[in-house]
file input-v5.csv (CSV, C-alpha atoms and all ligand atoms)
chain,number,residue,atom,x,y,z
I,244,MET,CA,-7.0,-3.9,19.5
I,245,GLN,CA,-6.4,-6.6,16.9
I,246,ILE,CA,-3.7,-6.0,14.3
I,247,ASP,CA,-4.3,-7.4,10.8
I,248,THR,CA,-1.1,-6.1,9.0
I,249,ILE,CA,2.4,-5.6,10.2
I,250,LEU,CA,4.4,-3.7,7.6
I,251,VAL,CA,8.1,-4.2,8.1
I,252,LYS,CA,10.6,-1.7,6.7
I,253,VAL,CA,13.4,-4.2,6.1
I,254,ALA,CA,15.4,-1.6,4.1
I,255,SER,CA,15.2,2.1,4.6
I,256,ARG,CA,16.9,3.0,1.3
I,257,CYS,CA,15.9,2.3,-2.3
I,258,ASN,CA,17.8,1.4,-5.5
I,259,ILE,CA,15.7,3.7,-7.6
I,260,ASN,CA,14.2,7.2,-7.1
I,261,CYS,CA,10.5,7.5,-8.1
I,262,THR,CA,9.9,11.2,-8.2
I,263,TYR,CA,6.6,10.9,-6.3
I,264,CYS,CA,7.9,8.7,-3.5
I,265,TYR,CA,6.5,9.7,-0.1
I,266,ILE,CA,9.5,8.3,1.7
I,267,PHE,CA,12.2,10.2,0.0
I,268,ASN,CA,10.7,13.0,-2.1
I,269,MET,CA,7.8,14.6,-0.2
I,270,GLY,CA,9.6,16.3,2.7
I,271,ASP,CA,9.9,13.5,5.3
I,272,GLU,CA,13.4,13.0,6.5
I,273,GLY,CA,12.9,10.0,8.8
I,274,TRP,CA,14.8,7.7,6.5
I,275,ARG,CA,18.1,9.5,7.3
I,276,ASP,CA,18.0,8.3,10.9
I,277,MET,CA,17.4,4.7,10.0
I,278,PRO,CA,20.0,2.0,9.3
I,279,ASN,CA,20.2,1.2,5.6
I,280,LEU,CA,19.1,-2.4,6.2
I,281,MET,CA,17.4,-4.2,9.1
I,282,SER,CA,20.3,-5.8,11.0
I,283,GLU,CA,20.5,-9.5,11.8
I,284,GLU,CA,20.0,-8.7,15.5
I,285,THR,CA,16.9,-6.7,14.8
I,286,ILE,CA,15.6,-9.5,12.6
I,287,LYS,CA,15.9,-11.8,15.6
I,288,ASP,CA,14.0,-9.3,17.7
I,289,LEU,CA,11.4,-9.0,15.0
I,290,SER,CA,10.7,-12.8,14.9
I,291,ARG,CA,10.6,-13.0,18.7
I,292,SER,CA,8.2,-10.0,18.8
I,293,LEU,CA,5.9,-11.5,16.2
I,294,SER,CA,6.0,-14.8,17.9
I,295,GLN,CA,4.8,-13.1,21.1
I,296,LEU,CA,2.1,-11.2,19.2
I,297,LEU,CA,0.9,-14.5,17.7
I,298,LYS,CA,0.3,-15.8,21.3
I,299,ASP,CA,-1.2,-12.5,22.5
I,300,GLN,CA,-3.9,-12.1,19.8
I,301,ASP,CA,-6.5,-14.5,18.5
I,302,VAL,CA,-6.7,-13.3,14.9
I,303,PRO,CA,-3.9,-14.0,12.4
I,304,PHE,CA,-2.1,-11.1,11.0
I,305,ALA,CA,-0.3,-10.6,7.7
I,306,THR,CA,3.4,-9.5,7.5
I,307,VAL,CA,4.4,-7.3,4.6
I,308,LEU,CA,8.0,-6.8,3.8
I,309,HIS,CA,8.5,-3.2,2.6
I,310,GLY,CA,11.0,-0.5,2.2
I,311,GLY,CA,12.6,1.6,0.7
I,312,GLU,CA,13.2,-1.5,-1.4
I,313,PRO,CA,13.1,-4.7,0.6
I,314,LEU,CA,15.2,-6.6,-2.0
I,315,MET,CA,18.1,-4.4,-1.1
I,316,LEU,CA,18.5,-6.9,1.7
I,317,GLY,CA,20.2,-9.2,-0.8
I,318,ALA,CA,19.6,-12.9,-1.0
I,319,ARG,CA,21.7,-13.9,2.1
I,320,ARG,CA,20.0,-11.6,4.6
I,321,LEU,CA,16.6,-12.1,3.0
I,322,GLN,CA,17.0,-15.8,3.6
I,323,HIS,CA,17.9,-15.2,7.2
I,324,LEU,CA,14.9,-13.0,7.6
I,325,LEU,CA,12.5,-15.4,6.0
I,326,ARG,CA,13.9,-18.4,8.0
I,327,GLU,CA,13.5,-16.5,11.2
I,328,LEU,CA,9.9,-15.4,10.3
I,329,ARG,CA,8.7,-18.7,9.1
I,330,GLU,CA,10.1,-20.4,12.2
I,331,VAL,CA,7.4,-18.5,14.2
I,332,LEU,CA,4.7,-17.8,11.7
I,333,PRO,CA,2.7,-20.7,10.3
I,334,LEU,CA,1.3,-20.6,6.8
I,335,ALA,CA,-2.0,-19.1,8.1
I,336,TYR,CA,0.0,-16.0,8.7
I,337,PRO,CA,0.7,-14.7,5.2
I,338,ILE,CA,4.0,-13.1,4.4
I,339,SER,CA,4.3,-10.9,1.3
I,340,LEU,CA,6.8,-8.6,-0.3
I,341,GLN,CA,6.2,-5.3,-2.0
I,342,THR,CA,9.0,-4.5,-4.5
I,343,ASN,CA,9.8,-2.3,-7.4
I,344,GLY,CA,10.8,-5.5,-9.2
I,345,VAL,CA,14.3,-4.3,-10.4
I,346,LEU,CA,16.3,-6.6,-8.2
I,347,ILE,CA,14.3,-9.8,-8.7
I,348,THR,CA,16.5,-12.8,-9.5
I,349,GLU,CA,15.9,-16.6,-9.7
I,350,GLU,CA,17.6,-17.0,-6.3
I,351,ILE,CA,15.2,-14.4,-4.7
I,352,LEU,CA,12.2,-16.2,-6.3
I,353,ASP,CA,13.3,-19.6,-5.0
I,354,LEU,CA,13.7,-18.2,-1.5
I,355,CYS,CA,10.2,-16.7,-1.6
I,356,SER,CA,8.8,-19.9,-3.0
I,357,ASN,CA,10.5,-21.9,-0.3
I,358,TYR,CA,9.2,-19.7,2.6
I,359,ARG,CA,5.8,-19.0,1.0
I,360,VAL,CA,6.1,-15.3,0.4
I,361,GLY,CA,3.8,-13.7,-2.2
I,362,ILE,CA,5.3,-10.9,-4.4
I,363,SER,CA,3.6,-7.7,-5.5
I,364,ILE,CA,5.3,-5.4,-8.0
I,365,SER,CA,4.9,-1.7,-8.5
I,366,ILE,CA,4.6,-0.6,-12.1
I,367,ASP,CA,2.4,2.3,-13.4
I,368,GLY,CA,1.6,1.1,-17.0
I,369,PRO,CA,3.3,1.2,-20.4
I,370,LYS,CA,6.9,2.5,-20.7
I,371,GLU,CA,6.0,6.1,-21.4
I,372,ILE,CA,3.7,6.3,-18.4
I,373,ASN,CA,5.8,4.3,-16.0
I,374,ASP,CA,9.0,6.1,-16.9
I,375,LYS,CA,7.5,9.5,-16.3
I,376,PHE,CA,7.9,9.0,-12.5
I,377,ARG,CA,9.4,5.6,-11.8
I,378,VAL,CA,13.0,6.4,-12.6
I,379,ASP,CA,16.4,5.4,-11.3
I,380,LYS,CA,18.9,7.6,-9.5
I,381,GLN,CA,20.2,9.0,-12.9
I,382,GLY,CA,16.6,9.8,-13.9
I,383,ARG,CA,16.4,6.9,-16.4
I,384,GLY,CA,13.1,5.0,-16.8
I,385,THR,CA,12.9,1.6,-15.0
I,386,TYR,CA,10.1,0.0,-17.1
I,387,GLN,CA,12.3,-2.5,-18.9
I,388,LYS,CA,14.1,-3.7,-15.8
I,389,VAL,CA,10.7,-4.1,-14.0
I,390,VAL,CA,9.3,-6.1,-16.9
I,391,ASP,CA,12.4,-8.3,-16.9
I,392,GLY,CA,11.7,-9.0,-13.2
I,393,ILE,CA,8.0,-9.7,-13.9
I,394,THR,CA,9.1,-12.1,-16.7
I,395,LEU,CA,11.3,-14.0,-14.3
I,396,LEU,CA,8.4,-14.2,-11.8
I,397,LYS,CA,5.9,-15.3,-14.4
I,398,ASN,CA,8.2,-18.0,-15.7
I,399,HIS,CA,9.0,-19.4,-12.2
I,400,SER,CA,7.6,-22.9,-11.6
I,401,ASP,CA,5.8,-21.6,-8.5
I,402,ALA,CA,4.5,-18.5,-10.3
I,403,GLU,CA,0.8,-19.3,-9.5
I,404,PHE,CA,1.6,-18.7,-5.8
I,405,LEU,CA,4.4,-16.2,-6.0
I,406,TYR,CA,2.9,-13.6,-8.4
I,407,ALA,CA,0.4,-11.9,-6.1
I,408,GLY,CA,-0.3,-8.8,-8.2
I,409,LEU,CA,0.7,-5.4,-9.5
I,410,LEU,CA,0.5,-2.1,-7.7
I,411,SER,CA,0.0,1.0,-9.9
I,412,VAL,CA,-0.2,4.7,-9.1
I,413,ILE,CA,-2.7,6.6,-11.2
I,414,ASP,CA,-1.5,9.2,-13.7
I,415,PRO,CA,-4.6,11.1,-14.6
I,416,ASP,CA,-3.0,12.2,-17.8
I,417,SER,CA,-2.7,8.6,-19.0
I,418,ASP,CA,-5.3,6.6,-21.0
I,419,PRO,CA,-6.9,4.1,-18.5
I,420,GLU,CA,-7.5,1.6,-21.4
I,421,GLU,CA,-3.8,1.6,-22.3
I,422,VAL,CA,-2.8,1.2,-18.7
I,423,TYR,CA,-5.2,-1.6,-18.0
I,424,ARG,CA,-4.3,-3.5,-21.2
I,425,CYS,CA,-0.6,-3.2,-20.4
I,426,LEU,CA,-0.9,-4.4,-16.9
I,427,LYS,CA,-3.3,-7.3,-17.9
I,428,GLY,CA,-0.7,-8.2,-20.6
I,429,LEU,CA,1.9,-8.7,-17.9
I,430,GLY,CA,0.0,-11.8,-16.8
I,431,THR,CA,-1.1,-10.6,-13.3
I,432,LYS,CA,-4.1,-12.0,-11.5
I,433,SER,CA,-4.8,-8.7,-9.7
I,434,ILE,CA,-4.1,-5.0,-9.9
I,435,ASP,CA,-4.3,-2.4,-7.2
I,436,PHE,CA,-4.6,1.2,-8.3
I,437,LEU,CA,-3.6,4.0,-5.9
I,438,TYR,CA,-4.4,7.7,-5.8
I,439,ARG,CA,-1.3,9.9,-5.8
I,440,ASP,CA,-0.3,11.3,-2.4
I,441,GLY,CA,-1.4,14.8,-1.7
I,442,ASN,CA,-3.6,16.7,0.7
I,443,HIS,CA,-5.6,20.0,1.0
I,444,THR,CA,-2.5,22.1,1.6
I,445,SER,CA,-0.6,20.5,-1.3
I,446,LEU,CA,-2.9,19.2,-4.0
I,447,PRO,CA,-2.0,15.9,-5.6
I,448,TYR,CA,-0.3,16.0,-9.0
I,449,GLY,CA,-2.9,16.5,-11.8
I,450,LYS,CA,-5.6,17.8,-9.6
I,451,SER,CA,-6.4,21.4,-10.5
I,452,SER,CA,-8.7,22.2,-7.6
I,453,LEU,CA,-10.6,20.5,-4.8
I,454,ASP,CA,-13.7,20.4,-7.0
I,455,SER,CA,-12.0,19.0,-10.1
I,456,THR,CA,-12.5,15.4,-11.0
I,457,GLU,CA,-9.5,14.4,-13.1
I,458,TYR,CA,-8.9,11.2,-11.1
I,459,GLY,CA,-12.7,10.4,-10.9
I,460,GLU,CA,-13.0,10.7,-14.6
I,461,TRP,CA,-10.0,8.4,-15.1
I,462,LEU,CA,-11.5,5.8,-12.7
I,463,VAL,CA,-14.9,6.0,-14.2
I,464,LYS,CA,-13.4,5.2,-17.6
I,465,LEU,CA,-11.5,2.3,-16.0
I,466,LEU,CA,-14.7,1.0,-14.4
I,467,ASP,CA,-16.5,1.0,-17.7
I,468,ILE,CA,-13.6,-0.9,-19.4
I,469,TYR,CA,-13.4,-3.3,-16.4
I,470,ILE,CA,-17.2,-4.1,-16.6
I,471,ALA,CA,-17.1,-4.5,-20.3
I,472,ASP,CA,-14.1,-6.9,-20.2
I,473,LYS,CA,-15.3,-10.6,-20.5
I,474,THR,CA,-12.0,-11.9,-19.0
I,475,PRO,CA,-11.1,-9.2,-16.4
I,476,VAL,CA,-8.1,-9.1,-14.2
I,477,LYS,CA,-9.3,-8.2,-10.7
I,478,ILE,CA,-9.0,-4.6,-9.7
I,479,ARG,CA,-9.1,-4.4,-5.9
I,480,PHE,CA,-10.1,-0.8,-5.6
I,481,LEU,CA,-13.1,-1.1,-8.0
I,482,ASP,CA,-14.1,-4.5,-6.5
I,483,ASP,CA,-14.1,-3.0,-3.0
I,484,ILE,CA,-16.5,-0.2,-4.2
I,485,LEU,CA,-18.8,-2.6,-5.9
I,486,ARG,CA,-18.7,-5.1,-3.0
I,487,ILE,CA,-19.4,-2.4,-0.4
I,488,ALA,CA,-22.2,-0.9,-2.5
I,489,LEU,CA,-23.8,-4.4,-2.5
I,490,GLY,CA,-23.6,-4.6,1.3
I,491,GLY,CA,-20.3,-6.4,1.6
I,492,ILE,CA,-17.1,-5.3,3.1
I,493,GLY,CA,-13.8,-4.1,1.5
I,494,VAL,CA,-10.5,-5.7,2.0
I,495,LYS,CA,-8.2,-2.7,2.3
I,496,GLU,CA,-8.0,0.7,4.1
I,497,GLY,CA,-9.3,3.8,2.2
I,498,LEU,CA,-12.8,2.6,1.4
I,499,GLY,CA,-15.8,1.6,3.5
I,500,ASP,CA,-16.3,1.9,7.3
I,501,ASN,CA,-14.2,-1.0,8.3
I,502,PHE,CA,-11.3,-0.4,10.6
I,503,TYR,CA,-7.9,-1.9,9.8
I,504,GLY,CA,-5.2,-2.5,12.3
I,505,ILE,CA,-1.9,-1.6,10.6
I,506,ALA,CA,1.4,-1.3,12.4
I,507,ILE,CA,4.7,-0.2,11.0
I,508,ILE,CA,8.0,-1.6,12.2
I,509,GLU,CA,11.0,0.5,11.0
I,510,ALA,CA,14.4,-0.8,10.0
I,511,ASP,CA,15.8,0.0,13.5
I,512,GLY,CA,12.9,-1.9,15.2
I,513,SER,CA,10.9,1.3,16.2
I,514,LEU,CA,7.2,1.5,15.8
I,515,ALA,CA,5.5,4.1,13.6
I,516,LYS,CA,2.1,5.0,12.3
I,517,ASN,CA,1.0,4.3,8.7
I,518,ASP,CA,3.9,5.4,6.6
I,519,THR,CA,1.8,7.1,3.9
I,520,LEU,CA,1.2,9.9,6.5
I,521,LYS,CA,4.8,11.0,5.8
I,522,SER,CA,3.6,12.7,2.7
I,523,ASN,CA,1.8,15.3,4.8
I,524,PHE,CA,4.8,16.7,6.8
I,525,ASP,CA,8.1,15.6,8.2
I,526,GLY,CA,7.5,13.2,11.1
I,527,ALA,CA,3.7,12.8,10.6
I,528,ASP,CA,4.1,9.0,11.1
I,529,LYS,CA,5.8,9.3,14.4
I,530,PHE,CA,4.2,8.5,17.8
I,531,ASP,CA,5.1,10.8,20.7
I,532,GLU,CA,6.4,7.7,22.5
I,533,LYS,CA,9.5,5.9,21.2
I,534,TRP,CA,8.5,2.2,21.2
I,535,ILE,CA,10.9,-0.4,20.0
I,536,ILE,CA,10.4,-4.1,19.4
I,537,GLN,CA,13.7,-4.8,21.3
I,538,THR,CA,12.0,-4.0,24.6
I,539,ASP,CA,8.3,-3.3,24.1
I,540,ARG,CA,5.7,-6.0,23.8
I,541,LEU,CA,3.6,-5.3,20.6
I,542,SER,CA,0.2,-6.2,22.2
I,543,GLU,CA,0.9,-3.8,25.0
I,544,VAL,CA,1.8,-1.0,22.5
I,545,PHE,CA,-1.4,-1.7,20.5
I,546,ASN,CA,-3.5,-1.2,23.6
I,547,THR,CA,-2.1,2.2,24.6
I,548,SER,CA,-4.3,5.3,24.2
I,549,SER,CA,-1.8,6.8,21.7
I,550,PHE,CA,-2.2,3.8,19.4
I,551,ALA,CA,-6.0,3.9,19.8
I,552,GLU,CA,-5.9,7.6,18.8
I,553,TYR,CA,-3.9,6.7,15.7
I,554,TYR,CA,-6.3,3.9,14.9
I,555,LYS,CA,-9.2,6.3,15.2
I,556,LEU,CA,-7.7,8.5,12.5
I,557,GLN,CA,-9.4,6.1,10.0
I,558,ASN,CA,-12.7,7.5,11.1
I,559,PRO,CA,-13.6,10.6,9.1
I,560,THR,CA,-14.6,13.4,11.4
I,561,SER,CA,-15.6,16.2,9.0
I,562,ARG,CA,-19.2,17.3,9.0
I,563,MET,CA,-19.3,16.9,5.2
I,564,CYS,CA,-18.3,13.2,5.4
I,565,ASN,CA,-20.7,12.5,8.3
I,566,SER,CA,-23.7,13.8,6.4
I,567,CYS,CA,-22.6,12.4,3.0
I,568,GLU,CA,-24.8,9.9,1.2
I,569,TYR,CA,-21.6,8.0,0.0
I,570,LEU,CA,-19.9,7.7,3.4
I,571,ALA,CA,-20.6,4.0,3.8
I,572,ILE,CA,-18.7,3.3,0.5
I,573,CYS,CA,-16.2,6.0,0.5
I,574,GLY,CA,-15.3,6.0,4.2
I,575,GLY,CA,-13.8,9.5,3.8
I,576,GLY,CA,-10.8,8.0,1.9
I,577,MET,CA,-7.3,7.6,3.3
I,578,PRO,CA,-6.3,9.8,6.3
I,579,LEU,CA,-3.3,11.2,4.5
I,580,HIS,CA,-5.7,12.6,1.8
I,581,ARG,CA,-7.8,14.4,4.5
I,582,TRP,CA,-4.9,16.4,5.9
I,583,SER,CA,-4.6,20.2,5.8
I,584,LYS,CA,-2.3,22.6,7.7
I,585,GLU,CA,-5.3,24.3,9.3
I,586,ASN,CA,-7.6,21.4,10.3
I,587,ALA,CA,-5.2,18.5,10.4
I,588,TYR,CA,-7.3,15.4,9.5
I,589,ASP,CA,-10.7,17.1,10.0
I,590,ASN,CA,-11.5,17.4,6.3
I,591,PRO,CA,-13.1,15.2,3.6
I,592,SER,CA,-10.7,13.5,1.3
I,593,VAL,CA,-8.9,15.7,-1.2
I,594,TYR,CA,-10.4,13.2,-3.7
I,595,CYS,CA,-13.9,13.8,-2.5
I,596,SER,CA,-15.3,15.0,-5.8
I,597,ASP,CA,-13.5,12.1,-7.6
I,598,GLN,CA,-14.9,9.6,-5.1
I,599,LYS,CA,-18.4,11.0,-5.6
I,600,LEU,CA,-18.2,10.7,-9.4
I,601,LEU,CA,-16.8,7.2,-9.3
I,602,ILE,CA,-19.2,5.8,-6.6
I,603,SER,CA,-22.3,7.3,-8.3
I,604,ARG,CA,-21.2,5.6,-11.6
I,605,ALA,CA,-20.7,2.3,-9.8
I,606,ILE,CA,-24.1,2.6,-8.2
I,607,SER,CA,-25.8,3.4,-11.5
I,608,ILE,CA,-24.2,0.4,-13.1
I,609,LEU,CA,-25.4,-1.9,-10.3
I,610,LYS,CA,-28.9,-0.5,-10.6
I,611,LYS,CA,-28.9,-0.9,-14.4
I,612,GLU,CA,-27.9,-4.5,-13.9
I,613,GLY,CA,-30.7,-5.0,-11.4
I,614,MET,CA,-28.3,-5.8,-8.6
I,615,LEU,CA,-29.3,-2.7,-6.5
I,616,GLN,CA,-32.7,-1.0,-5.9
G,1,LIG,S1,-17.5,11.4,-0.8
G,1,LIG,FE1,-16.5,13.1,0.2
G,1,LIG,S2,-17.9,13.8,1.8
G,1,LIG,FE2,-18.5,11.7,1.1
G,1,LIG,S3,-17.5,10.4,2.6
G,1,LIG,FE3,-16.1,10.6,0.8
G,1,LIG,S4,-14.7,12.2,1.2
G,1,LIG,FE4,-16.4,12.4,2.7

call {"tool": "encode", "arguments": {"input": "input-v5.csv", "output": "structure tokens", "more": "lines below"}}
Ligand code: SF4
result
Amino acid sequence: MQIDTILVKVASRCNINCTYCYIFNMGDEGWRDMPNLMSEETIKDLSRSLSQLLKDQDVPFATVLHGGEPLMLGARRLQHLLRELREVLPLAYPISLQTNGVLITEEILDLCSNYRVGISISIDGPKEINDKFRVDKQGRGTYQKVVDGITLLKNHSDAEFLYAGLLSVIDPDSDPEEVYRCLKGLGTKSIDFLYRDGNHTSLPYGKSSLDSTEYGEWLVKLLDIYIADKTPVKIRFLDDILRIALGGIGVKEGLGDNFYGIAIIEADGSLAKNDTLKSNFDGADKFDEKWIIQTDRLSEVFNTSSFAEYYKLQNPTSRMCNSCEYLAICGGGMPLHRWSKENAYDNPSVYCSDQKLLISRAISILKKEGMLQ
């Protein structure tokens, strides 16, 4: 088992309260048992643990600092964390940070520059779209504060390295053109769009039935806008579909038939499954075993049968997926989107009809361009 991404929950709380958040607002209660912030002792255990993993596995892995909101660590503890990590992780082992952008300061940016940490910011589009769901604890929109953070980032002398991209959750009621123009206007070099969390038992926001195609239609419009743009900003999700359709491989879970080794380290040092599973039911991301970095060696955990079973979740098992003409590109979507109370993960993606619409459009564009038979 080779791990390619270690996602570290350095803070278990957040400074804002996005209404769609799978950590706090979709029924999972795991955050209540976690320390607010990763302690200095756990940070030391983390760096020792990653240093051991680096020796135990041949392939480099990426470390993503995540939350809650990772910048709730504050500058002093963030510096401690980055110093500890960079002492054991050479530059071939990328470190990045996923933030809501509200707490970005010059001091934070200087630290990230110093320790070579790329920053990706979550924002869903123009103010009226972003502020529908991305709100603070008083319910006020966060758009302006996020844009202020992005402006600081864009103007930093090391922005070319630091500003890794934007992450945006799709609102199927929005206009994709407006969203794309807004995000492009924020000077990013790449955008990643995400489907909303949801499953067969609890349909995602904006999806009226399993057969409906609200998200597929939105993504098809985005694809057409993207293809027509002479100076496009990379859209990872669409690039992966086009690349896989042309015989290449994707770069991130949720598309294609590649397996990704993703491990989550919680703020108390315990190991968990992919945190997006939390959106299905309380504790869906928990292993039966309680592994902790303080005492367990990561490479040994990654080679247990429980971990292998979790890893295999990426493989769609439903008969519909396994006889589907789009399987090699779609990959059955993200495991969290396959879940239902009755069949667990043995279903196609709840976004199946959307994926079919989008992939067939991508294929027809490639054929029209003479890039595909
Ligand atoms: S398009 Fe639907 S049936 Fe085909 S692989 Fe994707 S989720 Fe499965």

call {"tool": "atom_distance", "arguments": {"input": "input-v5.csv", "atom1": "CA of Arg256 in chain I", "atom2": "CA of Ser522 in chain I"}}
result
16.5 Å

call {"tool": "closest_residue", "arguments": {"input": "input-v5.csv", "among": "I:Val378, I:Ala571, I:Ile487, I:Cys564", "to": "ligand LIG 1 (chain G)", "atoms": "only C-alpha atoms and all ligand atoms"}}
result
I:Cys564

call {"tool": "residues_around", "arguments": {"input": "input-v5.csv", "residues": "range 451-459 of chain I", "least_positions_apart": "2", "cutoff": "9 Å", "atoms": "all atoms listed in the file", "output": "list of chain:residue names"}}
result
I:Ile413, I:Asp414, I:Pro415, I:Asp416, I:Tyr438, I:His443, I:Leu446, I:Pro447, I:Tyr448, I:Gly449, I:Trp461, I:Leu462, I:Val463, I:Lys464, I:Val593, I:Tyr594, I:Cys595, I:Ser596, I:Asp597, I:Gln598, I:Lys599, I:Leu600, I:Leu601

call {"tool": "closest_residue", "arguments": {"input": "input-v5.csv", "among": "I:Leu615, I:Leu498, I:Leu250, I:Ile536", "to": "Pro559 in chain I", "atoms": "only C-alpha atoms"}}
result
I:Leu498

call {"tool": "residues_near_ligand", "arguments": {"input": "input-v5.csv", "ligand": "ligand LIG 1 (chain G)", "cutoff": "6 Å", "atoms": "all atoms listed in the file", "output": "list of chain:residue names"}}
result
I:Met563, I:Cys564, I:Cys567, I:Tyr569, I:Leu570, I:Cys573, I:Gly574, I:Gly575, I:Gly576, I:Pro591, I:Ser592, I:Cys595, I:Gln598, I:Lys599

call {"tool": "atom_distance", "arguments": {"input": "input-v5.csv", "atom1": "CA of Met315 in chain I", "atom2": "CA of Ile505 in chain I"}}
result
23.3 Å

call {"tool": "atom_distance", "arguments": {"input": "input-v5.csv", "atom1": "CA of Thr262 in chain I", "atom2": "CA of Tyr423 in chain I"}}
result
22.1 Å

call {"tool": "residues_around", "arguments": {"input": "input-v5.csv", "residues": "range 465-478 of chain I", "least_positions_apart": "6", "cutoff": "8 Å", "atoms": "all atoms listed in the file", "output": "ChimeraX atom specification"}}
result
/I:419-420,423,427,431-436,605

call {"tool": "residues_around", "arguments": {"input": "input-v5.csv", "residues": "range 348-362 of chain I", "least_positions_apart": "5", "cutoff": "10 Å", "atoms": "all atoms listed in the file", "output": "tab-separated table (two decimals) with C-alpha atoms, in the coordinates of the input"}}
result
chain	number	residue	atom	x	y	z
I	306	THR	CA	3.40	-9.50	7.50
I	307	VAL	CA	4.40	-7.30	4.60
I	308	LEU	CA	8.00	-6.80	3.80
I	314	LEU	CA	15.20	-6.60	-2.00
I	317	GLY	CA	20.20	-9.20	-0.80
I	318	ALA	CA	19.60	-12.90	-1.00
I	319	ARG	CA	21.70	-13.90	2.10
I	321	LEU	CA	16.60	-12.10	3.00
I	322	GLN	CA	17.00	-15.80	3.60
I	325	LEU	CA	12.50	-15.40	6.00
I	326	ARG	CA	13.90	-18.40	8.00
I	328	LEU	CA	9.90	-15.40	10.30
I	329	ARG	CA	8.70	-18.70	9.10
I	330	GLU	CA	10.10	-20.40	12.20
I	333	PRO	CA	2.70	-20.70	10.30
I	334	LEU	CA	1.30	-20.60	6.80
I	337	PRO	CA	0.70	-14.70	5.20
I	338	ILE	CA	4.00	-13.10	4.40
I	339	SER	CA	4.30	-10.90	1.30
I	340	LEU	CA	6.80	-8.60	-0.30
I	341	GLN	CA	6.20	-5.30	-2.00
I	342	THR	CA	9.00	-4.50	-4.50
I	391	ASP	CA	12.40	-8.30	-16.90
I	392	GLY	CA	11.70	-9.00	-13.20
I	393	ILE	CA	8.00	-9.70	-13.90
I	395	LEU	CA	11.30	-14.00	-14.30
I	396	LEU	CA	8.40	-14.20	-11.80
I	398	ASN	CA	8.20	-18.00	-15.70
I	399	HIS	CA	9.00	-19.40	-12.20
I	400	SER	CA	7.60	-22.90	-11.60
I	401	ASP	CA	5.80	-21.60	-8.50
I	402	ALA	CA	4.50	-18.50	-10.30
I	403	GLU	CA	0.80	-19.30	-9.50
I	404	PHE	CA	1.60	-18.70	-5.80
I	405	LEU	CA	4.40	-16.20	-6.00
I	406	TYR	CA	2.90	-13.60	-8.40
I	407	ALA	CA	0.40	-11.90	-6.10
I	408	GLY	CA	-0.30	-8.80	-8.20
I	409	LEU	CA	0.70	-5.40	-9.50

call {"tool": "decode", "arguments": {"input": "input-v5.csv", "residues": "range 378-387 of chain I", "atoms": "N, CA, C and O atoms", "output": "PDB file, in the first residue's frame"}}
result
ATOM      1  N   VAL I 378     -21.205  31.180   4.960  1.00  0.00           N
ATOM      2  CA  VAL I 378     -21.544  32.276   5.881  1.00  0.00           C
ATOM      3  C   VAL I 378     -20.776  32.118   7.195  1.00  0.00           C
ATOM      4  O   VAL I 378     -20.269  31.040   7.507  1.00  0.00           O
ATOM      5  N   ASP I 379     -20.731  33.214   7.959  1.00  0.00           N
ATOM      6  CA  ASP I 379     -20.062  33.134   9.259  1.00  0.00           C
ATOM      7  C   ASP I 379     -21.057  32.641  10.321  1.00  0.00           C
ATOM      8  O   ASP I 379     -22.189  32.269  10.007  1.00  0.00           O
ATOM      9  N   LYS I 380     -20.629  32.655  11.576  1.00  0.00           N
ATOM     10  CA  LYS I 380     -21.481  32.063  12.623  1.00  0.00           C
ATOM     11  C   LYS I 380     -22.728  32.891  12.908  1.00  0.00           C
ATOM     12  O   LYS I 380     -23.652  32.425  13.560  1.00  0.00           O
ATOM     13  N   GLN I 381     -22.744  34.126  12.417  1.00  0.00           N
ATOM     14  CA  GLN I 381     -23.953  34.958  12.555  1.00  0.00           C
ATOM     15  C   GLN I 381     -24.799  34.894  11.275  1.00  0.00           C
ATOM     16  O   GLN I 381     -25.762  35.635  11.124  1.00  0.00           O
ATOM     17  N   GLY I 382     -24.391  34.057  10.334  1.00  0.00           N
ATOM     18  CA  GLY I 382     -25.153  33.912   9.090  1.00  0.00           C
ATOM     19  C   GLY I 382     -24.819  34.961   8.040  1.00  0.00           C
ATOM     20  O   GLY I 382     -25.508  35.070   7.023  1.00  0.00           O
ATOM     21  N   ARG I 383     -23.756  35.752   8.292  1.00  0.00           N
ATOM     22  CA  ARG I 383     -23.395  36.783   7.311  1.00  0.00           C
ATOM     23  C   ARG I 383     -22.458  36.221   6.259  1.00  0.00           C
ATOM     24  O   ARG I 383     -21.593  35.398   6.568  1.00  0.00           O
ATOM     25  N   GLY I 384     -22.616  36.689   5.027  1.00  0.00           N
ATOM     26  CA  GLY I 384     -21.776  36.218   3.924  1.00  0.00           C
ATOM     27  C   GLY I 384     -20.290  36.489   4.176  1.00  0.00           C
ATOM     28  O   GLY I 384     -19.930  37.454   4.847  1.00  0.00           O
ATOM     29  N   THR I 385     -19.452  35.614   3.639  1.00  0.00           N
ATOM     30  CA  THR I 385     -18.004  35.750   3.876  1.00  0.00           C
ATOM     31  C   THR I 385     -17.259  36.266   2.641  1.00  0.00           C
ATOM     32  O   THR I 385     -16.044  36.422   2.674  1.00  0.00           O
ATOM     33  N   TYR I 386     -17.986  36.505   1.547  1.00  0.00           N
ATOM     34  CA  TYR I 386     -17.342  36.795   0.253  1.00  0.00           C
ATOM     35  C   TYR I 386     -16.248  37.873   0.372  1.00  0.00           C
ATOM     36  O   TYR I 386     -15.118  37.658  -0.061  1.00  0.00           O
ATOM     37  N   GLN I 387     -16.611  39.025   0.954  1.00  0.00           N
ATOM     38  CA  GLN I 387     -15.649  40.136   0.943  1.00  0.00           C
ATOM     39  C   GLN I 387     -14.369  39.776   1.709  1.00  0.00           C
ATOM     40  O   GLN I 387     -13.265  40.094   1.278  1.00  0.00           O
TER      41      GLN I 387
END
